file run-v1.txt (compact mmCIF, C-alpha atoms)
# COMPACT_ATOMS: atom_id res chain seq x y z
CA MET A 1 16.37 13.28 9.93
CA SER A 2 16.08 9.56 10.71
CA ALA A 3 14.89 8.28 14.05
CA GLN A 4 18.42 7.38 15.05
CA GLU A 5 19.63 10.91 14.24
CA ASN A 6 16.91 12.49 16.40
CA PRO A 7 18.33 13.57 19.81
CA SER A 8 15.19 12.34 21.59
CA TRP A 9 15.84 8.84 20.18
CA ARG A 10 18.65 8.29 22.68
CA GLN A 11 16.26 9.01 25.54
CA LEU A 12 14.10 6.00 24.65
CA SER A 13 14.68 2.56 26.08
CA PRO A 14 16.21 -0.07 23.76
CA GLU A 15 12.87 -1.93 23.74
CA VAL A 16 10.98 1.15 22.56
CA GLN A 17 13.66 1.92 19.96
CA GLN A 18 13.37 -1.59 18.59
CA GLN A 19 9.57 -1.35 18.42
CA ILE A 20 9.72 1.98 16.56
CA SER A 21 12.19 0.49 14.09
CA GLN A 22 9.89 -2.49 13.53
CA ASP A 23 6.91 -0.16 13.05
CA SER A 24 8.89 1.85 10.48
CA GLU A 25 9.81 -1.26 8.52
CA HIS A 26 6.18 -2.41 8.60
CA PHE A 27 5.01 1.02 7.41
CA ARG A 28 7.32 0.80 4.41
CA LYS A 29 5.34 -2.28 3.34
CA CYS A 30 2.15 -0.27 3.77
CA LEU A 31 3.54 2.50 1.55
CA ASN A 32 4.36 -0.07 -1.13
CA TYR A 33 0.78 -1.37 -0.91
CA LEU A 34 -0.56 2.17 -1.30
CA ARG A 35 1.59 2.81 -4.38
CA GLU A 36 0.56 -0.47 -5.98
CA HIS A 37 -3.18 -0.07 -5.33
CA SER A 38 -3.74 3.66 -5.73
CA ALA A 39 -6.12 4.94 -8.40
CA GLY A 40 -3.33 6.92 -10.08
CA GLU A 41 -0.76 9.68 -9.82
CA VAL A 42 -3.35 12.42 -10.40
CA GLU A 43 -6.34 10.61 -8.92
CA GLY A 44 -4.62 9.80 -5.63
CA PHE A 45 -5.45 6.81 -3.46
CA TYR A 46 -9.15 6.54 -4.34
CA GLY A 47 -10.19 8.54 -7.42
CA PRO A 48 -13.51 10.00 -8.57
CA ASP A 49 -15.28 6.66 -9.02
CA SER A 50 -14.75 5.61 -5.40
CA MET A 51 -17.34 5.46 -2.65
CA THR A 52 -14.79 7.19 -0.44
CA TRP A 53 -15.07 10.34 -2.58
CA VAL A 54 -18.87 10.09 -2.62
CA ILE A 55 -19.04 9.92 1.16
CA TYR A 56 -16.26 12.29 2.19
CA ARG A 57 -17.24 15.05 -0.23
CA GLU A 58 -20.19 15.73 2.09
CA PRO A 59 -19.25 18.30 4.76
CA VAL A 60 -21.86 16.81 7.08
CA ILE A 61 -19.48 13.87 7.62
CA LEU A 62 -17.53 16.15 9.97
CA LEU A 63 -20.48 16.07 12.37
CA GLY A 64 -19.43 12.54 13.26
CA GLY A 65 -16.11 13.76 14.64
CA LEU A 66 -17.15 13.92 18.29
CA ARG A 67 -18.86 10.52 18.02
CA ALA A 68 -15.68 8.96 16.65
CA ILE A 69 -13.46 10.52 19.32
CA LEU A 70 -15.72 9.39 22.18
CA LEU A 71 -15.70 5.82 20.89
CA GLN A 72 -11.93 5.94 20.37
CA ILE A 73 -11.15 7.15 23.89
CA ALA A 74 -13.45 4.51 25.33
CA HIS A 75 -10.38 2.33 24.80
CA PRO A 76 -8.25 3.08 27.91
CA ALA A 77 -4.94 3.04 26.03
CA VAL A 78 -6.24 5.49 23.43
CA ALA A 79 -7.60 7.75 26.17
CA VAL A 80 -4.26 7.83 28.00
CA GLY A 81 -2.36 8.40 24.76
CA VAL A 82 -4.59 11.33 23.80
CA SER A 83 -4.43 12.79 27.31
CA GLN A 84 -0.63 12.59 27.56
CA ASN A 85 0.33 13.56 24.04
CA SER A 86 -2.43 15.66 22.47
CA ASN A 87 -2.92 19.42 22.73
CA PHE A 88 -6.66 19.05 23.28
CA ARG A 89 -6.47 21.35 26.28
CA GLY A 90 -4.56 24.24 24.74
CA ASP A 91 -5.36 24.17 21.02
CA LEU A 92 -8.52 22.20 20.27
CA LEU A 93 -9.39 24.19 17.14
CA GLY A 94 -5.85 23.99 15.78
CA ARG A 95 -5.73 20.26 16.37
CA ALA A 96 -9.08 19.77 14.64
CA ARG A 97 -8.01 21.83 11.63
CA ARG A 98 -4.74 19.90 11.25
CA THR A 99 -6.58 16.60 11.56
CA TYR A 100 -9.17 17.48 8.92
CA THR A 101 -6.56 18.92 6.56
CA ALA A 102 -4.58 15.68 6.76
CA MET A 103 -7.79 13.69 6.23
CA TYR A 104 -8.70 15.60 3.09
CA GLN A 105 -5.15 15.31 1.75
CA LEU A 106 -5.33 11.54 2.21
CA VAL A 107 -8.77 11.27 0.59
CA PHE A 108 -8.66 13.91 -2.16
CA GLY A 109 -4.97 14.67 -2.69
CA GLY A 110 -2.96 13.55 -5.68
CA LEU A 111 -0.68 10.60 -5.03
CA PRO A 112 2.45 12.61 -4.01
CA GLU A 113 0.40 14.79 -1.65
CA ALA A 114 -1.51 11.84 -0.16
CA MET A 115 1.66 9.80 0.32
CA GLY A 116 3.27 12.77 2.04
CA ALA A 117 0.31 13.12 4.40
CA ALA A 118 0.45 9.41 5.26
CA LYS A 119 4.16 9.66 6.07
CA ARG A 120 3.64 12.73 8.26
CA VAL A 121 0.84 11.07 10.23
CA HIS A 122 2.92 7.95 10.78
CA SER A 123 5.92 10.00 11.87
CA LEU A 124 3.78 11.93 14.32
CA HIS A 125 2.28 8.75 15.75
CA SER A 126 5.72 7.13 16.09
CA ARG A 127 6.49 9.64 18.84
CA VAL A 128 3.30 8.88 20.76
CA ASN A 129 4.11 6.22 23.35
CA GLY A 130 4.09 5.99 27.12
CA THR A 131 2.95 4.17 30.21
CA ILE A 132 -0.63 3.47 31.23
CA PRO A 133 -1.20 4.34 34.92
CA ALA A 134 -1.78 1.73 37.61
CA GLY A 135 0.74 -0.65 36.07
CA ALA A 136 -1.48 -1.48 33.10
CA GLY A 137 1.44 -1.62 30.68
CA ARG A 138 2.57 0.62 27.86
CA TYR A 139 0.87 2.04 24.80
CA ARG A 140 2.03 3.33 21.45
CA ALA A 141 -0.04 5.03 18.77
CA ASN A 142 1.26 2.69 16.07
CA ASP A 143 0.09 -0.42 17.93
CA PRO A 144 -1.97 -2.34 15.32
CA LEU A 145 -4.70 -3.12 17.87
CA LEU A 146 -5.20 0.57 18.65
CA GLN A 147 -4.89 1.59 15.01
CA ARG A 148 -7.55 -0.93 14.01
CA TRP A 149 -9.96 0.36 16.66
CA VAL A 150 -9.46 4.03 15.75
CA LEU A 151 -9.90 3.27 12.05
CA ALA A 152 -13.01 1.18 12.75
CA THR A 153 -14.73 4.12 14.44
CA LEU A 154 -14.03 6.24 11.36
CA ILE A 155 -15.26 3.61 8.88
CA ASP A 156 -18.49 2.95 10.76
CA GLY A 157 -18.97 6.62 11.66
CA ALA A 158 -18.72 7.80 8.04
CA MET A 159 -21.45 5.39 6.96
CA VAL A 160 -23.67 6.19 9.96
CA VAL A 161 -23.48 9.95 9.38
CA PHE A 162 -23.97 9.65 5.60
CA GLU A 163 -27.05 7.47 6.01
CA THR A 164 -28.44 9.69 8.78
CA PHE A 165 -28.20 12.99 6.92
CA VAL A 166 -27.79 12.26 3.18
CA ARG A 167 -29.33 8.99 1.99
CA PRO A 168 -29.32 5.23 2.63
CA LEU A 169 -26.39 3.24 1.29
CA SER A 170 -27.00 -0.02 -0.52
CA LEU A 171 -25.26 -3.15 0.70
CA GLU A 172 -23.09 -3.09 -2.42
CA GLU A 173 -22.07 0.51 -1.73
CA LYS A 174 -21.16 -0.36 1.84
CA ARG A 175 -19.10 -3.31 0.66
CA ARG A 176 -17.29 -1.10 -1.85
CA PHE A 177 -16.57 1.49 0.82
CA TYR A 178 -15.23 -1.13 3.19
CA GLU A 179 -13.07 -2.66 0.43
CA GLU A 180 -11.62 0.81 -0.17
CA SER A 181 -10.88 1.05 3.56
CA ARG A 182 -7.92 -1.28 2.91
CA LEU A 183 -6.20 1.83 1.54
CA ALA A 184 -7.18 3.78 4.65
CA ALA A 185 -5.79 0.94 6.77
CA ALA A 186 -2.46 1.11 4.96
CA GLN A 187 -2.34 4.85 5.64
CA PHE A 188 -2.66 4.00 9.34
CA GLY A 189 0.07 1.36 9.06
CA LEU A 190 -2.15 -1.71 8.73
CA LEU A 191 -1.77 -4.22 5.91
CA PRO A 192 -4.99 -5.72 4.46
CA GLU A 193 -4.54 -9.00 6.34
CA GLN A 194 -4.63 -7.06 9.62
CA MET A 195 -8.24 -5.98 8.94
CA PRO A 196 -11.38 -8.15 8.85
CA PRO A 197 -11.64 -9.47 5.27
CA THR A 198 -15.26 -8.47 4.52
CA LEU A 199 -17.85 -5.91 5.57
CA GLU A 200 -19.77 -8.62 7.41
CA ALA A 201 -16.66 -9.79 9.27
CA PHE A 202 -15.82 -6.19 10.10
CA TYR A 203 -19.19 -5.53 11.70
CA SER A 204 -19.11 -8.83 13.58
CA TRP A 205 -15.76 -7.85 15.12
CA TYR A 206 -16.75 -4.20 15.60
CA HIS A 207 -19.94 -4.99 17.51
CA GLU A 208 -18.03 -7.46 19.67
CA GLN A 209 -15.75 -4.58 20.64
CA LEU A 210 -18.64 -2.23 21.36
CA GLU A 211 -20.38 -4.80 23.54
CA GLY A 212 -17.31 -6.36 25.15
CA GLU A 213 -15.24 -5.56 28.24
CA THR A 214 -12.14 -4.01 26.64
CA LEU A 215 -13.83 -0.65 26.11
CA ARG A 216 -14.92 1.37 29.12
CA VAL A 217 -15.37 5.03 29.99
CA GLY A 218 -12.92 5.84 32.76
CA ASP A 219 -11.88 9.08 34.40
CA THR A 220 -9.50 10.03 31.61
CA ALA A 221 -12.16 9.54 28.92
CA ARG A 222 -14.68 11.57 30.95
CA GLU A 223 -12.19 14.41 31.38
CA LEU A 224 -11.46 14.47 27.65
CA ALA A 225 -15.18 14.36 26.84
CA SER A 226 -15.77 17.31 29.15
CA LEU A 227 -13.08 19.28 27.31
CA LEU A 228 -14.62 18.40 23.97
CA PHE A 229 -18.08 19.58 24.95
CA ASN A 230 -16.92 22.73 26.73
CA SER A 231 -14.54 24.30 24.22
CA PRO A 232 -15.29 27.73 22.72
CA PHE A 233 -16.30 25.93 19.51
CA THR A 234 -18.40 23.04 20.78
CA ARG A 235 -20.06 24.52 23.85
CA GLY A 236 -23.83 24.13 23.83
CA GLN A 237 -26.65 21.62 23.66
CA LEU A 238 -26.54 21.20 19.88
CA ASP A 239 -23.19 19.38 19.85
CA GLU A 240 -24.28 17.09 22.68
CA LEU A 241 -27.59 16.37 20.92
CA LEU A 242 -25.85 15.55 17.62
CA THR A 243 -23.36 13.27 19.32
CA ALA A 244 -25.96 11.57 21.52
CA GLY A 245 -28.16 10.90 18.52
CA LEU A 246 -25.33 9.28 16.59
CA LEU A 247 -23.87 7.19 19.44
CA PRO A 248 -24.96 3.64 20.33
CA GLN A 249 -27.11 3.61 23.48
CA ARG A 250 -24.48 2.01 25.72
CA TRP A 251 -21.95 4.74 25.02
CA ARG A 252 -24.48 7.55 25.14
CA GLU A 253 -25.28 6.43 28.67
CA ALA A 254 -21.64 5.80 29.60
CA TYR A 255 -20.78 9.43 28.82
CA GLY A 256 -23.88 10.70 30.59
CA LEU A 257 -25.41 12.39 27.54
CA ALA A 258 -29.05 13.35 28.09
CA TRP A 259 -31.52 11.36 25.97
CA GLY A 260 -34.97 11.92 27.39
CA PRO A 261 -38.21 12.48 25.44
CA GLY A 262 -37.28 16.12 24.79
CA GLN A 263 -33.88 15.24 23.34
CA GLN A 264 -35.37 12.48 21.21
CA ARG A 265 -38.00 14.81 19.73
CA ALA A 266 -35.34 17.47 19.08
CA TRP A 267 -33.09 14.87 17.42
CA LYS A 268 -35.88 13.67 15.14
CA LEU A 269 -36.68 17.25 14.10
CA LEU A 270 -33.01 18.16 13.60
CA LYS A 271 -32.25 15.03 11.60
CA GLY A 272 -35.23 15.49 9.30
CA THR A 273 -34.58 19.19 8.76
CA MET A 274 -30.90 18.70 7.96
CA ARG A 275 -31.59 15.82 5.61
CA ARG A 276 -34.16 17.82 3.64
CA ALA A 277 -31.85 20.83 3.45
CA ILE A 278 -28.91 18.74 2.28
CA ASN A 279 -30.90 16.98 -0.42
CA LEU A 280 -32.34 20.27 -1.68
CA THR A 281 -28.82 21.66 -2.11
CA PRO A 282 -27.10 20.65 -5.37
CA PRO A 283 -23.89 18.65 -4.81
CA THR A 284 -21.87 21.32 -6.61
CA LEU A 285 -22.81 23.81 -3.91
CA ARG A 286 -22.54 21.58 -0.86
CA CYS A 287 -19.40 19.52 -1.53
CA VAL A 288 -16.23 20.32 0.42
CA THR A 289 -13.53 22.49 -1.13
CA ALA A 290 -11.09 19.56 -1.22
CA TRP A 291 -13.42 17.65 -3.58
CA HIS A 292 -13.63 20.65 -5.92
CA GLN A 293 -9.83 20.98 -5.87
CA ALA A 294 -9.49 17.30 -6.73
CA GLN A 295 -11.94 17.70 -9.61
CA MET A 296 -9.96 20.70 -10.83
CA ARG A 297 -6.70 18.76 -10.67
CA LEU A 298 -8.26 15.96 -12.72
CA ALA A 299 -9.76 18.35 -15.29
CA LEU A 300 -6.45 20.12 -15.84
CA ALA A 301 -4.62 16.79 -16.21
CA ARG A 302 -7.13 15.73 -18.86
CA GLY A 303 -6.97 19.02 -20.73
CA GLN A 304 -10.50 19.96 -19.69
CA ARG A 305 -11.86 23.21 -18.30
CA PRO A 306 -12.55 23.05 -14.52
CA THR A 307 -15.97 24.07 -13.26
CA ALA A 308 -16.57 27.67 -12.24
CA MET A 309 -17.09 26.62 -8.60
CA ALA A 310 -13.75 24.79 -8.55
CA ARG A 311 -11.96 27.79 -10.04
CA VAL A 312 -13.53 30.22 -7.57
CA LEU A 313 -12.81 28.11 -4.49
CA ASN A 314 -9.28 27.35 -5.66
CA THR A 315 -8.57 31.05 -6.22
CA LEU A 316 -9.99 31.98 -2.81
CA ASP A 317 -7.83 29.31 -1.17
CA SER A 318 -4.79 31.05 -2.63
CA TYR A 319 -5.54 34.14 -0.56
CA VAL A 320 -7.44 32.95 2.53
CA ASP A 321 -7.63 29.69 4.43
CA VAL A 322 -10.81 28.23 2.94
CA PRO A 323 -12.35 25.57 5.23
CA PHE A 324 -12.14 21.90 4.24
CA SER A 325 -9.49 22.44 1.56
CA ILE A 326 -6.17 20.75 0.88
CA ARG A 327 -4.08 23.34 -0.94
CA PRO A 328 -4.56 25.43 -4.08
CA VAL A 329 -4.16 23.57 -7.35
CA ALA A 330 -1.36 25.08 -9.44
CA VAL A 331 -2.65 26.21 -12.83
CA LYS A 332 0.00 26.14 -15.53
CA ALA A 333 0.11 29.01 -17.94
CA PRO A 334 -1.00 27.99 -21.46
CA ALA A 335 1.81 27.28 -23.86
CA THR A 336 2.43 29.93 -26.53
CA ASP A 337 3.38 29.23 -30.10
CA LYS A 338 6.83 30.41 -31.11
CA ASP A 339 7.74 31.51 -34.59

call {"tool": "encode", "arguments": {"input": "run-v1.txt", "output": "structure tokens"}}
result
Amino acid sequence: MSAQENPSWRQLSPEVQQQISQDSEHFRKCLNYLREHSAGEVEGFYGPDSMTWVIYREPVILLGGLRAILLQIAHPAVAVGVSQNSNFRGDLLGRARRTYTAMYQLVFGGLPEAMGAAKRVHSLHSRVNGTIPAGAGRYRANDPLLQRWVLATLIDGAMVVFETFVRPLSLEEKRRFYEESRLAAAQFGLLPEQMPPTLEAFYSWYHEQLEGETLRVGDTARELASLLFNSPFTRGQLDELLTAGLLPQRWREAYGLAWGPGQQRAWKLLKGTMRRAINLTPPTLRCVTAWHQAQMRLALARGQRPTAMARVLNTLDSYVDVPFSIRPVAVKAPATDKD
């Protein structure tokens, strides 16, 4: 059903209808960019040689989720949009699972699956718009300024978490990862020219945002933060310690996260312990299910035998909802010779 055929479309003002139509036309250009610059039909947007696969195959990257959300909702328009349109309050776990499933489809899915995920995310965001209280104007999720900020927190957060718990990244690796973020930007609805052109330009802009006056922690952001830290799944000091340790000082203080000598000693011990444990675990055992499914998809396309771990996880995902997966890879029956 097109936007014009949707009954709720008629309830929107002409100005909002026009903006949604313009966003849709712009997103079509982003889809064309994704098709033209993807690694391949089987490989998906990025492929096995990408830094994106290297970083996002680590399940520890998910520990940066609360950090990213707190930085995102420090933007007042993002905070209001999340508060008015998200089901944080009633279904935090369900929302998180849907978000991570979409993320892994975009990163590790084949091209049809990844394109489908990008379209679904854009369609969902096209319905997120409203008014900021106190006469501060309107917001919409597909606003390029808001999209760029949300994406920036994910780009920086992925590198911060990887370097904290896995290993340092070289400057060349960081530049490669940022260059690949042009594909992530197009998934959000941003063309390459709407992002800073280099890693250095990105960080110059990003730190200006972190230190400037646009971002601030208001009542809405504090309420959302309280919900995040008091859900049945994130209640406890460990989540606050992890998030406080990963946040810049200004935002740690803005959200009132404790960071005294005791917390700093606990963070140092936790960080060192996790890093040693991760590096002692072979990648085959620690990588997310979605990465194994992508490797299996590639092996089958090349006529190779998938690894035992990929086969086991893929089979399990056919019967139960295995965490951090995309969907089971279909295994074609071998052809039989006919007389």

call {"tool": "residues_around", "arguments": {"input": "run-v1.txt", "residues": "Ala117 of chain A", "least_positions_apart": "6", "cutoff": "9 Å", "atoms": "only C-alpha atoms", "output": "PyMOL selection string"}}
result
chain A and resi 102-103+105-106+109+187

call {"tool": "atom_distance", "arguments": {"input": "run-v1.txt", "atom1": "atom CA of Ala74 of chain A", "atom2": "atom CA of Thr220 of chain A"}}
result
9.2 Å

call {"tool": "atom_distance", "arguments": {"input": "run-v1.txt", "atom1": "atom CA of Leu71 of chain A", "atom2": "atom CA of Thr153 of chain A"}}
result
6.7 Å

call {"tool": "atom_distance", "arguments": {"input": "run-v1.txt", "atom1": "atom CA of Met309 of chain A", "atom2": "atom CA of Pro59 of chain A"}}
result
15.9 Å

call {"tool": "closest_residue", "arguments": {"input": "run-v1.txt", "among": "A:Ala118, A:Val217, A:Gly189, A:Glu172", "to": "Val78 of chain A", "atoms": "all atoms listed in the file"}}
result
A:Val217

call {"tool": "residues_around", "arguments": {"input": "run-v1.txt", "residues": "Gln293 of chain A", "least_positions_apart": "3", "cutoff": "7 Å", "atoms": "only C-alpha atoms", "output": "list in words"}}
result
Thr289, Ala290, Met296, Arg297, Ala310, Asn314 and Val329 of chain A

call {"tool": "residues_near_point", "arguments": {"input": "run-v1.txt", "point": "(-4.2, 13.5, 0.5)", "cutoff": "12 Å", "atoms": "only C-alpha atoms", "output": "ChimeraX atom specification"}}
result
/A:38,41-47,53,99-121,183-184,187,290-291,293-294,325-327

call {"tool": "residues_around", "arguments": {"input": "run-v1.txt", "residues": "Leu151 of chain A", "least_positions_apart": "5", "cutoff": "12 Å", "atoms": "only C-alpha atoms", "output": "VMD selection string"}}
result
chain A and resid 68 to 69 71 to 72 142 144 to 146 156 to 158 178 181 to 190 194 to 196 202 206

call {"tool": "residues_around", "arguments": {"input": "run-v1.txt", "residues": "Arg138 of chain A", "least_positions_apart": "6", "cutoff": "10 Å", "atoms": "all atoms listed in the file", "output": "ChimeraX atom specification"}}
result
/A:16,77,80-81,129-132

call {"tool": "write_last_selection", "arguments": {"input": "run-v1.txt", "atoms": "C-alpha atoms", "output": "PDB file, in the frame of the given file"}}
result
ATOM      1  CA  VAL A  16      10.980   1.150  22.560  1.00  0.00           C
ATOM      2  CA  ALA A  77      -4.940   3.040  26.030  1.00  0.00           C
ATOM      3  CA  VAL A  80      -4.260   7.830  28.000  1.00  0.00           C
ATOM      4  CA  GLY A  81      -2.360   8.400  24.760  1.00  0.00           C
ATOM      5  CA  ASN A 129       4.110   6.220  23.350  1.00  0.00           C
ATOM      6  CA  GLY A 130       4.090   5.990  27.120  1.00  0.00           C
ATOM      7  CA  THR A 131       2.950   4.170  30.210  1.00  0.00           C
ATOM      8  CA  ILE A 132      -0.630   3.470  31.230  1.00  0.00           C
TER       9      ILE A 132
END

call {"tool": "closest_residue", "arguments": {"input": "run-v1.txt", "among": "A:Gln17, A:Leu124, A:Leu63, A:Glu223", "to": "Ser83 of chain A", "atoms": "all atoms listed in the file"}}
result
A:Glu223

call {"tool": "closest_residue", "arguments": {"input": "run-v1.txt", "among": "A:Ala299, A:Ala254, A:Leu228, A:Ile20", "to": "Leu215 of chain A", "atoms": "all atoms listed in the file"}}
result
A:Ala254

call {"tool": "closest_residue", "arguments": {"input": "run-v1.txt", "among": "A:Tyr255, A:Phe324, A:Tyr33, A:Trp149", "to": "Trp205 of chain A", "atoms": "all atoms listed in the file"}}
result
A:Trp149

call {"tool": "closest_residue", "arguments": {"input": "run-v1.txt", "among": "A:His292, A:Lys271, A:Arg35, A:Arg175", "to": "Ala201 of chain A", "atoms": "only C-alpha atoms"}}
result
A:Arg175

call {"tool": "closest_residue", "arguments": {"input": "run-v1.txt", "among": "A:Leu300, A:Glu211, A:Val128, A:Arg252", "to": "Ser86 of chain A", "atoms": "all atoms listed in the file"}}
result
A:Val128

call {"tool": "residues_around", "arguments": {"input": "run-v1.txt", "residues": "Gly245 of chain A", "least_positions_apart": "3", "cutoff": "8 Å", "atoms": "only C-alpha atoms", "output": "count of residues only"}}
result
4

call {"tool": "build_atoms", "arguments": {"input": "run-v1.txt", "residues": "segment 234-248 of chain A", "atoms": "N, CA, C and O atoms", "output": "mmCIF file, in the coordinates of the input"}}
result
data_model
loop_
_atom_site.group_PDB
_atom_site.id
_atom_site.type_symbol
_atom_site.label_atom_id
_atom_site.label_comp_id
_atom_site.auth_asym_id
_atom_site.auth_seq_id
_atom_site.Cartn_x
_atom_site.Cartn_y
_atom_site.Cartn_z
ATOM 1 N N THR A 234 -17.427 24.134 20.675
ATOM 2 C CA THR A 234 -18.400 23.040 20.780
ATOM 3 C C THR A 234 -19.281 23.175 22.025
ATOM 4 O O THR A 234 -19.940 22.227 22.418
ATOM 5 N N ARG A 235 -19.262 24.339 22.643
ATOM 6 C CA ARG A 235 -20.060 24.520 23.850
ATOM 7 C C ARG A 235 -21.531 24.714 23.457
ATOM 8 O O ARG A 235 -21.856 25.493 22.578
ATOM 9 N N GLY A 236 -22.411 23.969 24.096
ATOM 10 C CA GLY A 236 -23.830 24.130 23.830
ATOM 11 C C GLY A 236 -24.529 22.797 23.659
ATOM 12 O O GLY A 236 -23.899 21.751 23.486
ATOM 13 N N GLN A 237 -25.848 22.851 23.695
ATOM 14 C CA GLN A 237 -26.650 21.620 23.660
ATOM 15 C C GLN A 237 -26.672 20.981 22.286
ATOM 16 O O GLN A 237 -26.898 19.777 22.166
ATOM 17 N N LEU A 238 -26.448 21.763 21.217
ATOM 18 C CA LEU A 238 -26.540 21.200 19.880
ATOM 19 C C LEU A 238 -25.496 20.117 19.649
ATOM 20 O O LEU A 238 -25.796 19.053 19.103
ATOM 21 N N ASP A 239 -24.246 20.371 20.046
ATOM 22 C CA ASP A 239 -23.190 19.380 19.850
ATOM 23 C C ASP A 239 -23.464 18.110 20.644
ATOM 24 O O ASP A 239 -23.233 16.997 20.156
ATOM 25 N N GLU A 240 -23.950 18.263 21.870
ATOM 26 C CA GLU A 240 -24.280 17.090 22.680
ATOM 27 C C GLU A 240 -25.435 16.318 22.065
ATOM 28 O O GLU A 240 -25.443 15.084 22.059
ATOM 29 N N LEU A 241 -26.442 17.040 21.540
ATOM 30 C CA LEU A 241 -27.590 16.370 20.920
ATOM 31 C C LEU A 241 -27.159 15.594 19.683
ATOM 32 O O LEU A 241 -27.543 14.434 19.491
ATOM 33 N N LEU A 242 -26.330 16.227 18.827
ATOM 34 C CA LEU A 242 -25.850 15.550 17.620
ATOM 35 C C LEU A 242 -25.068 14.294 17.969
ATOM 36 O O LEU A 242 -25.263 13.231 17.361
ATOM 37 N N THR A 243 -24.195 14.411 18.947
ATOM 38 C CA THR A 243 -23.360 13.270 19.320
ATOM 39 C C THR A 243 -24.181 12.181 19.980
ATOM 40 O O THR A 243 -24.009 10.993 19.679
ATOM 41 N N ALA A 244 -25.105 12.560 20.862
ATOM 42 C CA ALA A 244 -25.960 11.570 21.520
ATOM 43 C C ALA A 244 -26.816 10.823 20.512
ATOM 44 O O ALA A 244 -26.998 9.602 20.602
ATOM 45 N N GLY A 245 -27.323 11.545 19.518
ATOM 46 C CA GLY A 245 -28.160 10.900 18.520
ATOM 47 C C GLY A 245 -27.415 9.916 17.641
ATOM 48 O O GLY A 245 -28.004 8.946 17.144
ATOM 49 N N LEU A 246 -26.117 10.146 17.457
ATOM 50 C CA LEU A 246 -25.330 9.280 16.590
ATOM 51 C C LEU A 246 -24.658 8.115 17.331
ATOM 52 O O LEU A 246 -24.252 7.145 16.714
ATOM 53 N N LEU A 247 -24.546 8.222 18.656
ATOM 54 C CA LEU A 247 -23.870 7.190 19.440
ATOM 55 C C LEU A 247 -24.776 5.989 19.719
ATOM 56 O O LEU A 247 -25.983 6.145 19.882
ATOM 57 N N PRO A 248 -24.198 4.789 19.807
ATOM 58 C CA PRO A 248 -24.960 3.640 20.330
ATOM 59 C C PRO A 248 -25.401 3.923 21.769
ATOM 60 O O PRO A 248 -24.739 4.660 22.507
#
